[in-house]
>>> print(open('data.txt').read())   # compact mmCIF, C-alpha atoms
# COMPACT_ATOMS: atom_id res chain seq x y z
CA MET A 1 39.26 13.76 -13.35
CA THR A 2 37.81 16.20 -10.83
CA ASP A 3 35.05 16.25 -13.44
CA LEU A 4 33.84 12.97 -11.88
CA ALA A 5 33.70 14.52 -8.40
CA GLU A 6 31.87 17.52 -9.82
CA ARG A 7 29.33 15.27 -11.50
CA TYR A 8 28.85 13.31 -8.28
CA VAL A 9 28.14 16.47 -6.28
CA LEU A 10 25.71 17.69 -8.92
CA ALA A 11 23.96 14.32 -8.97
CA VAL A 12 23.43 14.42 -5.20
CA LEU A 13 22.26 18.04 -5.20
CA ARG A 14 19.96 17.70 -8.20
CA HIS A 15 16.84 17.15 -6.09
CA VAL A 16 17.72 19.52 -3.25
CA PRO A 17 16.14 22.99 -3.12
CA GLU A 18 18.63 25.82 -3.68
CA SER A 19 18.22 27.12 -0.11
CA ARG A 20 19.42 23.90 1.48
CA ARG A 21 22.26 23.10 -0.91
CA GLY A 22 25.09 25.15 0.58
CA ASP A 23 25.82 23.12 3.70
CA LEU A 24 25.30 19.75 2.04
CA GLU A 25 27.47 20.68 -0.94
CA ARG A 26 30.30 22.05 1.19
CA GLU A 27 30.39 18.97 3.40
CA LEU A 28 30.16 16.59 0.46
CA ARG A 29 33.11 18.26 -1.31
CA GLY A 30 35.12 18.07 1.91
CA THR A 31 34.19 14.43 2.37
CA ILE A 32 35.29 13.49 -1.14
CA ALA A 33 38.56 15.40 -0.63
CA ASP A 34 39.18 13.58 2.68
CA LEU A 35 38.45 10.16 1.18
CA VAL A 36 40.69 10.90 -1.84
CA GLU A 37 43.50 12.24 0.31
CA THR A 38 43.83 9.10 2.44
CA ARG A 39 43.87 6.99 -0.71
CA THR A 40 46.54 9.01 -2.51
CA SER A 41 48.71 9.10 0.61
CA ALA A 42 48.42 5.30 0.67
CA GLY A 43 49.96 5.27 -2.81
CA MET A 44 46.94 5.31 -5.15
CA THR A 45 46.92 7.40 -8.33
CA ASP A 46 44.68 10.49 -8.29
CA ALA A 47 42.23 8.93 -10.72
CA GLY A 48 42.11 5.61 -8.88
CA ALA A 49 41.68 7.34 -5.53
CA LEU A 50 38.77 9.47 -6.75
CA ARG A 51 37.08 6.49 -8.33
CA SER A 52 37.46 4.42 -5.18
CA ALA A 53 36.20 7.29 -2.99
CA LEU A 54 33.08 7.77 -5.10
CA MET A 55 32.47 4.02 -5.11
CA GLU A 56 32.52 4.09 -1.32
CA LEU A 57 29.97 6.92 -1.20
CA GLY A 58 27.82 4.94 -3.61
CA ASP A 59 24.67 5.81 -5.57
CA PRO A 60 24.06 9.59 -5.28
CA ASP A 61 20.28 9.13 -5.00
CA ARG A 62 20.71 6.66 -2.17
CA TYR A 63 23.20 9.00 -0.46
CA LEU A 64 20.76 11.91 -0.58
CA ALA A 65 17.80 9.80 0.59
CA ALA A 66 19.82 8.64 3.60
CA ALA A 67 21.11 12.16 4.36
CA GLU A 68 17.67 13.77 4.16
CA GLY A 69 15.78 10.88 5.70
CA ARG A 70 13.66 10.48 2.58
CA PRO A 71 11.95 7.17 1.82
CA ASP A 72 13.94 4.77 -0.35
CA HIS A 73 10.87 2.80 -1.40
CA LEU A 74 7.64 3.48 -3.25
CA ILE A 75 5.31 1.70 -0.82
CA GLY A 76 6.76 0.73 2.53
CA PRO A 77 6.05 -2.20 4.84
CA GLU A 78 3.49 -0.23 6.88
CA VAL A 79 1.01 0.13 4.03
CA TYR A 80 2.15 -2.67 1.72
CA PHE A 81 -0.50 -5.21 2.76
CA ALA A 82 -3.32 -2.65 2.70
CA TRP A 83 -2.19 -1.75 -0.84
CA ARG A 84 -2.05 -5.38 -1.93
CA ARG A 85 -5.46 -6.27 -0.48
CA LEU A 86 -7.14 -3.29 -2.15
CA LEU A 87 -5.43 -3.94 -5.48
CA VAL A 88 -6.38 -7.63 -5.55
CA ARG A 89 -9.96 -6.84 -4.53
CA LEU A 90 -10.41 -4.15 -7.17
CA LEU A 91 -8.96 -6.37 -9.89
CA ALA A 92 -11.11 -9.32 -8.86
CA VAL A 93 -14.34 -7.30 -8.84
CA VAL A 94 -13.92 -4.74 -11.59
CA LEU A 95 -12.07 -6.72 -14.28
CA PRO A 96 -14.69 -9.47 -14.81
CA VAL A 97 -17.54 -6.94 -14.90
CA VAL A 98 -15.79 -4.65 -17.40
CA VAL A 99 -14.74 -7.54 -19.64
CA ALA A 100 -18.21 -9.10 -19.57
CA VAL A 101 -19.90 -5.80 -20.45
CA THR A 102 -17.39 -5.19 -23.27
CA ILE A 103 -17.91 -8.64 -24.75
CA ALA A 104 -21.69 -8.30 -24.57
CA VAL A 105 -21.81 -4.83 -26.11
CA ARG A 106 -19.39 -5.76 -28.92
CA ALA A 107 -21.11 -9.06 -29.66
CA LEU A 108 -24.54 -7.47 -29.75
CA THR A 109 -23.49 -4.58 -31.95
CA GLY A 110 -22.50 -7.07 -34.63
CA ALA A 111 -18.73 -7.52 -34.11
CA ASP A 112 -17.21 -10.85 -35.18
CA VAL A 113 -15.41 -13.24 -32.82
CA GLY A 114 -11.96 -11.78 -33.49
CA GLU A 115 -13.09 -8.23 -32.83
CA VAL A 116 -14.86 -9.28 -29.64
CA ALA A 117 -11.79 -11.15 -28.38
CA SER A 118 -9.34 -8.37 -29.16
CA ALA A 119 -11.64 -5.76 -27.60
CA ALA A 120 -11.94 -7.92 -24.46
CA VAL A 121 -8.16 -8.35 -24.18
CA LEU A 122 -7.50 -4.65 -24.76
CA VAL A 123 -10.09 -3.48 -22.27
CA ALA A 124 -8.87 -6.00 -19.69
CA MET A 125 -5.29 -4.80 -20.07
CA SER A 126 -6.09 -1.09 -19.94
CA THR A 127 -8.46 -1.55 -16.99
CA ALA A 128 -5.85 -3.56 -15.08
CA LEU A 129 -3.24 -0.88 -15.88
CA HIS A 130 -5.50 1.91 -14.65
CA ILE A 131 -6.45 0.08 -11.45
CA GLY A 132 -2.81 -0.77 -10.76
CA PHE A 133 -1.50 2.69 -11.54
CA TRP A 134 -4.06 4.77 -9.63
CA THR A 135 -4.12 2.50 -6.57
CA THR A 136 -0.34 2.53 -6.41
CA LEU A 137 -0.19 6.28 -6.93
CA VAL A 138 -2.61 6.94 -4.06
CA PHE A 139 -0.62 4.71 -1.72
CA ALA A 140 2.72 6.20 -2.82
CA VAL A 141 1.36 9.67 -2.04
CA LEU A 142 0.06 8.48 1.35
CA GLU A 143 3.49 6.99 2.04
CA ARG A 144 5.13 10.38 1.42
CA SER A 145 2.51 12.71 2.91
CA GLY A 146 2.94 11.29 6.39
CA SER A 147 -0.61 9.91 6.34
CA ARG A 148 0.51 6.30 6.47
CA SER A 149 -0.14 6.19 10.21
CA ALA A 150 -3.77 7.00 9.34
CA VAL A 151 -3.80 4.10 6.90
CA THR A 152 -2.36 1.69 9.40
CA ARG A 153 -4.68 2.96 12.16
CA THR A 154 -7.93 2.80 10.25
CA GLY A 155 -6.84 -0.33 8.41
CA ARG A 156 -5.52 -1.91 11.58
CA TRP A 157 -5.98 -5.64 11.57
CA ARG A 158 -8.60 -7.12 13.89
CA PRO A 159 -9.30 -10.78 14.62
CA GLU A 160 -12.84 -10.39 13.17
CA GLN A 161 -11.23 -10.04 9.74
CA LEU A 162 -10.06 -13.64 9.78
CA PRO A 163 -11.73 -15.62 7.01
CA GLU A 164 -14.32 -17.99 8.43
CA SER A 165 -13.37 -21.63 8.24
CA SER A 166 -16.66 -23.41 9.03
CA ASP A 167 -20.14 -23.68 7.52
CA GLY A 168 -21.02 -19.98 7.67
CA GLN A 169 -18.43 -19.23 5.03
CA VAL A 170 -19.50 -18.13 1.59
CA ARG A 171 -17.76 -20.62 -0.65
CA ALA A 172 -15.85 -19.73 -3.78
CA PRO A 173 -18.35 -21.34 -6.21
CA GLU A 174 -21.24 -19.47 -4.57
CA LEU A 175 -19.32 -16.22 -4.86
CA ALA A 176 -18.41 -16.92 -8.48
CA ALA A 177 -22.05 -17.68 -9.29
CA GLN A 178 -23.14 -14.41 -7.66
CA LEU A 179 -20.54 -12.38 -9.57
CA VAL A 180 -21.47 -14.00 -12.88
CA ALA A 181 -25.16 -13.34 -12.16
CA PHE A 182 -24.50 -9.66 -11.44
CA ALA A 183 -22.42 -9.38 -14.61
CA LEU A 184 -25.17 -11.04 -16.68
CA VAL A 185 -27.87 -8.76 -15.25
CA GLY A 186 -25.69 -5.76 -16.03
CA VAL A 187 -25.01 -6.99 -19.55
CA ALA A 188 -28.68 -7.76 -20.16
CA ALA A 189 -29.69 -4.34 -18.90
CA VAL A 190 -27.26 -2.60 -21.25
CA TRP A 191 -28.08 -4.97 -24.10
CA GLN A 192 -31.85 -4.43 -24.04
CA HIS A 193 -31.19 -0.71 -24.22
CA VAL A 194 -28.56 -0.51 -26.98
CA ALA A 195 -29.29 -3.64 -29.00
CA SER A 196 -32.84 -4.79 -28.45
CA PRO A 197 -33.87 -7.50 -30.95
CA VAL A 198 -37.31 -5.92 -31.30
CA VAL A 199 -37.40 -3.38 -34.09
CA VAL A 200 -40.44 -1.22 -34.83
CA GLY A 201 -40.33 1.00 -37.89
CA GLY A 202 -36.53 0.78 -38.13
CA GLU A 203 -36.14 1.79 -34.47
CA ARG A 204 -34.94 -0.57 -31.77
CA VAL A 205 -37.47 -0.79 -28.94
CA PRO A 206 -36.00 -1.62 -25.53
CA LEU A 207 -37.75 -3.79 -22.95
CA LEU A 208 -37.45 -1.26 -20.15
CA ASP A 209 -39.13 2.09 -20.71
CA PRO A 210 -36.39 4.58 -21.69
CA ALA A 211 -38.39 7.37 -19.99
CA GLY A 212 -37.38 6.03 -16.57
CA TRP A 213 -34.42 3.89 -17.54
CA ALA A 214 -32.44 6.67 -19.26
CA ALA A 215 -32.06 8.55 -15.99
CA TRP A 216 -31.76 5.53 -13.75
CA TRP A 217 -29.27 3.25 -15.50
CA PRO A 218 -26.07 4.76 -14.03
CA VAL A 219 -27.55 4.23 -10.56
CA ALA A 220 -28.62 0.70 -11.44
CA LEU A 221 -25.14 -0.22 -12.72
CA ALA A 222 -23.57 1.37 -9.64
CA VAL A 223 -25.86 -0.71 -7.42
CA LEU A 224 -24.86 -3.86 -9.35
CA VAL A 225 -21.17 -3.09 -8.88
CA GLY A 226 -21.95 -2.38 -5.21
CA GLU A 227 -23.66 -5.78 -4.94
CA ALA A 228 -20.58 -7.45 -6.46
CA VAL A 229 -18.18 -5.66 -4.09
CA PHE A 230 -20.47 -6.55 -1.19
CA ALA A 231 -20.55 -10.23 -2.22
CA VAL A 232 -16.74 -10.34 -2.27
CA HIS A 233 -16.58 -8.54 1.08
CA VAL A 234 -18.96 -10.99 2.73
CA SER A 235 -17.10 -13.95 1.28
CA ARG A 236 -13.94 -12.67 2.95
CA ARG A 237 -15.21 -11.31 6.24
CA GLY A 238 -18.38 -13.32 6.79
CA TRP A 239 -21.77 -11.92 7.74
CA THR A 240 -22.00 -9.28 10.46
CA ARG A 241 -24.72 -6.91 11.64
CA ALA A 242 -23.12 -4.14 9.56
CA ALA A 243 -23.06 -6.42 6.52
CA ALA A 244 -26.76 -7.26 7.02
CA ALA A 245 -27.56 -3.52 7.20
CA TRP A 246 -25.62 -2.89 3.98
CA ASN A 247 -27.48 -5.77 2.42
CA VAL A 248 -30.80 -4.08 3.29
CA ALA A 249 -29.59 -0.83 1.72
CA LEU A 250 -28.45 -2.55 -1.49
CA ALA A 251 -31.66 -4.57 -1.82
CA SER A 252 -33.73 -1.41 -1.29
CA ALA A 253 -31.73 0.36 -3.99
CA LEU A 254 -33.04 -2.20 -6.49
CA VAL A 255 -36.53 -2.83 -5.12
CA VAL A 256 -37.64 0.76 -4.44
CA PRO A 257 -37.01 2.15 -7.97
CA THR A 258 -38.57 -0.95 -9.55
CA VAL A 259 -41.75 -0.51 -7.52
CA ALA A 260 -41.74 3.24 -8.19
CA PHE A 261 -41.46 2.74 -11.98
CA ALA A 262 -44.15 0.04 -11.87
CA THR A 263 -46.53 2.34 -9.99
CA ALA A 264 -45.89 5.16 -12.46
CA GLY A 265 -46.42 2.73 -15.33
CA THR A 266 -42.96 3.35 -16.77
CA LEU A 267 -41.28 0.04 -15.95
CA PHE A 268 -41.70 -1.63 -19.36
CA ASP A 269 -41.94 -0.09 -22.79
CA ALA A 270 -45.46 -0.98 -24.09
CA ARG A 271 -44.22 -0.89 -27.70
CA PHE A 272 -41.88 -3.82 -26.93
CA PHE A 273 -44.83 -6.08 -26.02
CA ALA A 274 -47.03 -4.73 -28.82
CA ALA A 275 -44.36 -5.72 -31.33
CA LEU A 276 -44.29 -9.31 -30.05
CA GLY A 277 -47.58 -10.13 -31.70
CA PRO A 278 -51.26 -9.35 -31.97
CA ALA A 279 -52.03 -11.54 -28.91
CA ALA A 280 -49.92 -9.28 -26.73
CA ASP A 281 -52.34 -6.48 -25.97
CA ALA A 282 -52.07 -3.80 -23.27
CA GLY A 283 -53.05 -6.33 -20.61
CA VAL A 284 -49.77 -8.18 -21.08
CA VAL A 285 -47.75 -5.15 -20.01
CA GLY A 286 -49.74 -4.97 -16.79
CA THR A 287 -49.29 -8.68 -16.12
CA ALA A 288 -45.55 -8.49 -16.85
CA THR A 289 -45.23 -5.46 -14.56
CA VAL A 290 -47.00 -7.21 -11.69
CA ALA A 291 -44.95 -10.37 -12.21
CA CYS A 292 -41.73 -8.37 -12.27
CA VAL A 293 -42.64 -6.45 -9.11
CA VAL A 294 -43.59 -9.67 -7.29
CA VAL A 295 -40.30 -11.35 -8.27
CA VAL A 296 -38.17 -8.33 -7.37
CA VAL A 297 -39.93 -7.66 -4.05
CA LEU A 298 -39.94 -11.32 -2.98
CA GLY A 299 -36.32 -11.69 -4.07
CA GLY A 300 -35.38 -8.55 -2.14
CA VAL A 301 -37.20 -9.67 1.02
CA TRP A 302 -35.64 -13.12 0.81
CA ASP A 303 -32.20 -11.55 0.33
CA VAL A 304 -32.65 -9.28 3.36
CA VAL A 305 -34.00 -12.05 5.63
CA ASP A 306 -31.25 -14.42 4.50
CA GLY A 307 -28.61 -11.80 5.31
CA VAL A 308 -30.02 -11.13 8.78
CA LEU A 309 -30.27 -14.85 9.57
CA ARG A 310 -26.71 -15.51 8.40
CA ALA A 311 -25.42 -12.56 10.44
CA ARG A 312 -27.19 -13.82 13.58
CA ARG A 313 -25.89 -17.34 13.04
CA ALA A 314 -22.33 -16.03 12.59
CA GLU A 315 -22.66 -13.89 15.73
CA ARG A 316 -23.94 -16.80 17.81
CA ARG A 317 -21.19 -19.05 16.50
CA ALA A 318 -18.52 -16.46 17.34
CA ALA A 319 -19.91 -16.07 20.87
CA GLY A 320 -20.08 -19.86 21.32
CA ALA A 321 -16.55 -20.35 20.04
CA VAL A 322 -15.02 -17.73 22.33
CA ALA A 323 -16.85 -18.44 25.59
CA PRO A 324 -15.58 -21.97 26.36
CA ARG A 325 -12.00 -21.02 25.58
CA ARG A 326 -12.17 -18.09 27.97
CA SER A 327 -13.40 -20.33 30.79
CA SER A 328 -10.70 -22.90 30.14
CA GLU A 329 -8.04 -20.21 30.38
CA THR A 330 -9.15 -19.17 33.83
CA VAL A 331 -8.98 -22.75 35.13
CA MET B 1 24.33 -21.81 8.54
CA SER B 2 25.56 -20.43 5.24
CA GLU B 3 27.90 -17.45 5.01
CA PRO B 4 25.42 -14.76 3.78
CA ASP B 5 23.07 -15.59 6.68
CA VAL B 6 25.76 -14.80 9.24
CA THR B 7 26.53 -11.47 7.54
CA THR B 8 22.85 -10.45 7.51
CA HIS B 9 22.37 -11.35 11.16
CA LEU B 10 25.52 -9.50 12.18
CA GLN B 11 24.31 -6.42 10.27
CA GLU B 12 20.94 -6.62 12.01
CA LEU B 13 22.62 -6.90 15.40
CA ARG B 14 24.98 -3.97 14.78
CA ARG B 15 22.54 -1.61 13.11
CA GLY B 16 21.65 0.53 16.13
CA THR B 17 25.14 0.56 17.61
CA VAL B 18 26.47 3.02 15.02
CA VAL B 19 24.20 5.77 16.38
CA LEU B 20 25.33 5.07 19.94
CA ALA B 21 29.00 5.01 18.90
CA CYS B 22 28.66 8.37 17.10
CA LEU B 23 26.97 10.01 20.08
CA LEU B 24 29.68 8.70 22.43
CA VAL B 25 32.64 9.68 20.25
CA LEU B 26 31.27 13.13 19.37
CA ARG B 27 31.21 14.29 22.99
CA ASP B 28 34.55 15.64 21.72
CA PRO B 29 33.77 17.53 18.48
CA GLY B 30 34.85 15.78 15.29
CA TYR B 31 34.21 15.83 11.55
CA GLY B 32 33.04 13.01 9.34
CA TYR B 33 36.32 11.54 8.30
CA SER B 34 37.91 11.76 11.75
CA LEU B 35 34.91 9.91 13.17
CA LEU B 36 35.21 7.27 10.46
CA GLU B 37 38.82 6.64 11.48
CA THR B 38 38.12 6.72 15.21
CA LEU B 39 35.35 4.15 14.81
CA ALA B 40 37.47 1.95 12.53
CA SER B 41 40.38 1.93 14.98
CA ALA B 42 37.93 1.09 17.79
CA GLY B 43 36.85 -1.99 15.81
CA LEU B 44 33.52 -0.49 14.68
CA ALA B 45 34.08 -0.28 10.94
CA VAL B 46 31.32 1.82 9.32
CA GLU B 47 31.03 2.62 5.63
CA ALA B 48 31.31 6.23 4.54
CA ASN B 49 27.96 6.08 2.74
CA THR B 50 26.33 5.07 6.01
CA LEU B 51 28.14 7.44 8.36
CA TYR B 52 27.92 10.78 6.53
CA PRO B 53 24.18 10.64 5.90
CA LEU B 54 23.65 9.39 9.47
CA LEU B 55 25.44 12.46 10.88
CA ARG B 56 23.12 14.76 8.92
CA ARG B 57 20.04 12.90 10.12
CA LEU B 58 21.17 13.00 13.76
CA GLU B 59 21.78 16.73 13.36
CA ALA B 60 18.29 17.21 11.91
CA GLN B 61 16.93 15.36 14.96
CA GLY B 62 18.76 17.71 17.31
CA LEU B 63 21.01 14.98 18.71
CA LEU B 64 24.12 16.54 17.17
CA ALA B 65 25.05 20.19 16.66
CA SER B 66 27.49 21.38 14.03
CA GLU B 67 29.79 24.25 13.24
CA TRP B 68 32.11 24.99 10.35
CA ARG B 69 35.77 25.34 11.22
CA THR B 70 37.94 27.16 8.73
CA ASP B 71 41.24 26.90 10.63
CA GLU B 72 41.73 23.41 9.14
CA PRO B 73 43.53 22.83 5.80
CA ARG B 74 40.06 22.82 4.22
CA PRO B 75 36.75 23.95 5.78
CA ARG B 76 35.26 21.12 7.83
CA LYS B 77 31.91 20.58 9.45
CA PHE B 78 32.45 19.62 13.07
CA TYR B 79 29.71 17.74 14.89
CA ARG B 80 29.22 17.69 18.66
CA THR B 81 26.76 15.69 20.75
CA THR B 82 24.00 17.93 22.17
CA PRO B 83 22.48 17.51 25.67
CA ALA B 84 19.58 15.69 24.02
CA GLY B 85 22.13 13.47 22.30
CA GLU B 86 23.87 12.82 25.63
CA LEU B 87 20.56 11.79 27.13
CA LEU B 88 19.85 9.38 24.28
CA ALA B 89 23.41 8.01 24.47
CA ASP B 90 22.93 7.26 28.18
CA THR B 91 19.63 5.49 27.50
CA LEU B 92 21.07 3.44 24.65
CA ARG B 93 24.23 2.63 26.61
CA ASP B 94 22.18 1.42 29.61
CA ASP B 95 19.98 -0.66 27.36
CA TRP B 96 22.98 -2.20 25.63
CA SER B 97 24.46 -3.18 29.01
CA ARG B 98 21.12 -4.57 30.15
CA LEU B 99 20.76 -6.61 26.95
CA ASP B 100 24.28 -7.93 27.37
CA ARG B 101 23.56 -9.02 30.95
CA SER B 102 20.27 -10.63 29.91
CA LEU B 103 21.92 -12.52 27.08
CA ALA B 104 24.73 -13.65 29.34
CA GLY B 105 22.14 -14.87 31.84
CA LEU B 106 20.30 -16.81 29.18
CA ASP B 107 23.53 -18.27 27.89
CA THR B 108 24.75 -19.65 31.24
CA ALA B 109 21.28 -20.95 32.01
CA ARG B 110 21.34 -22.87 28.76
CA ARG B 111 24.84 -24.20 29.39
CA SER B 112 24.11 -25.39 32.93
CA ALA B 113 20.89 -27.04 31.75
CA SER B 114 22.65 -29.19 29.17
>>> encode(input="data.txt", output="structure tokens")
Amino acid sequence: MTDLAERYVLAVLRHVPESRRGDLERELRGTIADLVETRTSAGMTDAGALRSALMELGDPDRYLAAAEGRPDHLIGPEVYFAWRRLLVRLLAVVLPVVVAVTIAVRALTGADVGEVASAAVLVAMSTALHIGFWTTLVFAVLERSGSRSAVTRTGRWRPEQLPESSDGQVRAPELAAQLVAFALVGVAAVWQHVASPVVVGGERVPLLDPAGWAAWWPVALAVLVGEAVFAVHVSRRGWTRAAAAWNVALASALVVPTVAFATAGTLFDARFFAALGPAADAGVVGTATVACVVVVVLGGVWDVVDGVLRARRAERRAAGAVAPRRSSETV
Amino acid sequence: MSEPDVTTHLQELRRGTVVLACLLVLRDPGYGYSLLETLASAGLAVEANTLYPLLRRLEAQGLLASEWRTDEPRPRKFYRTTPAGELLADTLRDDWSRLDRSLAGLDTARRSAS
């Protein structure tokens, strides 16, 4: 029966370094002996007394955590909400993009409906698992490394983070439309490269010139994901000066390379247009390039101006909303 | 109010008092089980799986000091409140008294108002 006591002691000491075991082990053995002794002197059998004593000491892992002051949770209350916000945001932004790209690539490489659906489900599940696992792991490590005060300090809640309730708010349908648009652009960009419908001499000819595109596409996809994250951020926090500045940076990241490729003559693949028909001569490529540059530049400028205007409006509204309340408080 | 609610609230209210009780009792050195009995007979029943780990934590924080005594029937780890522990005990004791007075004040105010 002392076998049970022995097993209890071992279970408690299992995760304690050798150097710190002695004192803990000695005291624990004494404690069990004390608890058993009072029970046997009260008339219990040896076996019953030991069992009851160990029940009172409870789960060995819990006992050790309490004795050593170790955490008894994976992610504690200090960082829980930061963890949850990040997890939800990552899932909301990354999952739709990954699933959309998977569906597009599978569909365009000739998979049937069943294959497309199963690939989409599988990729969604594994992506969600990865996001959940790695996010949780990082926060669990922060929880144990003593850096959680840094998390709570930098992530400290401020009133500016409140979602906007009035007209300046980016509404859910607008956000959804933006995210779908980004996903479609991303899908189209990948599609024209891997599965262009134009075939010349048995070789698929992409719309965008692979000379430039081959090096640039990771950046372009990163910028698209950045745009999606930014759209979600703005929908939650509203427009601010910082957001408007980020918006300028993101717009530039799309406009500047486009203009650079157009100037170098490597925006579109000339073979793509040549294959469309005899009417499409070299002049068409030039026209398409100019049209593309005009659309991208105007779109970028509009995006930047819109962001700045929205930020200023939000700032003015915030100032207007706070000022009268302050004066009424002093009355 | 249902029964479990009362238990939870009582636990919340008593949580910090165990530390204070240990620091007060251990001005005279004692070992885990003796402290358990002293507290129980004083009407402050604490579970063994709360008390023993707590003693180790208070020792790690420098509020208790310990020594092994081998003159007992079996070797026992005796804990004693350190000067730092005394200081904390005084602070906690004062605060407990202050809270009690404040609550009493609130209580009579409420009674006389109704």
>>> atom_distance(input="data.txt", atom1="CA of Arg158 in chain A", atom2="CA of Ala176 in chain A")
26.3 Å
>>> interface_residues(input="data.txt", of="chain A", to="chain B", cutoff="12 Å", atoms="all atoms listed in the file", output="MDAnalysis selection string")
chainID A and resid 12 23:38 52:70
>>> atom_distance(input="data.txt", atom1="CA of Asp95 in chain B", atom2="CA of Ala40 in chain B")
23.1 Å
>>> residues_near_point(input="data.txt", point="(25.7, 18.5, 24.8)", cutoff="10 Å", atoms="all atoms listed in the file", output="list in words")
Leu23, Leu26, Arg27, Asp28, Leu63, Leu64, Ala65, Arg80, Thr81, Thr82, Pro83, Ala84, Gly85, Glu86 and Leu87 of chain B
>>> residues_around(input="data.txt", residues="Ala104 in chain A", least_positions_apart="5", cutoff="12 Å", atoms="all atoms listed in the file", output="ChimeraX atom specification")
/A:97-99,109-113,115-117,119-120,183-192,194-195
>>> build_atoms(input="data.txt", residues="range 32-44 of chain A", atoms="N, CA and C atoms", output="JSON list (two decimals), in the frame of the given file")
[["chain", "number", "residue", "atom", "x", "y", "z"],
["A", 32, "ILE", "N", 34.61, 14.11, 0.00],
["A", 32, "ILE", "CA", 35.29, 13.49, -1.14],
["A", 32, "ILE", "C", 36.79, 13.78, -1.06],
["A", 33, "ALA", "N", 37.14, 15.03, -0.73],
["A", 33, "ALA", "CA", 38.56, 15.40, -0.63],
["A", 33, "ALA", "C", 39.26, 14.56, 0.44],
["A", 34, "ASP", "N", 38.60, 14.39, 1.60],
["A", 34, "ASP", "CA", 39.18, 13.58, 2.68],
["A", 34, "ASP", "C", 39.42, 12.14, 2.23],
["A", 35, "LEU", "N", 38.36, 11.56, 1.60],
["A", 35, "LEU", "CA", 38.45, 10.16, 1.18],
["A", 35, "LEU", "C", 39.54, 9.99, 0.13],
["A", 36, "VAL", "N", 39.67, 10.98, -0.80],
["A", 36, "VAL", "CA", 40.69, 10.90, -1.84],
["A", 36, "VAL", "C", 42.07, 11.02, -1.22],
["A", 37, "GLU", "N", 42.19, 11.96, -0.29],
["A", 37, "GLU", "CA", 43.50, 12.24, 0.31],
["A", 37, "GLU", "C", 44.10, 11.00, 0.97],
["A", 38, "THR", "N", 43.29, 10.29, 1.78],
["A", 38, "THR", "CA", 43.83, 9.10, 2.44],
["A", 38, "THR", "C", 44.24, 8.05, 1.43],
["A", 39, "ARG", "N", 43.55, 8.01, 0.29],
["A", 39, "ARG", "CA", 43.87, 6.99, -0.71],
["A", 39, "ARG", "C", 45.16, 7.35, -1.46],
["A", 40, "THR", "N", 45.32, 8.64, -1.79],
["A", 40, "THR", "CA", 46.54, 9.01, -2.51],
["A", 40, "THR", "C", 47.76, 8.89, -1.59],
["A", 41, "SER", "N", 47.56, 9.22, -0.30],
["A", 41, "SER", "CA", 48.71, 9.10, 0.61],
["A", 41, "SER", "C", 49.05, 7.64, 0.86],
["A", 42, "ALA", "N", 48.12, 6.73, 0.57],
["A", 42, "ALA", "CA", 48.42, 5.30, 0.67],
["A", 42, "ALA", "C", 49.00, 4.77, -0.63],
["A", 43, "GLY", "N", 49.24, 5.68, -1.60],
["A", 43, "GLY", "CA", 49.96, 5.27, -2.81],
["A", 43, "GLY", "C", 49.10, 5.11, -4.05],
["A", 44, "MET", "N", 47.80, 5.44, -3.96],
["A", 44, "MET", "CA", 46.94, 5.31, -5.15],
["A", 44, "MET", "C", 47.18, 6.49, -6.10]]
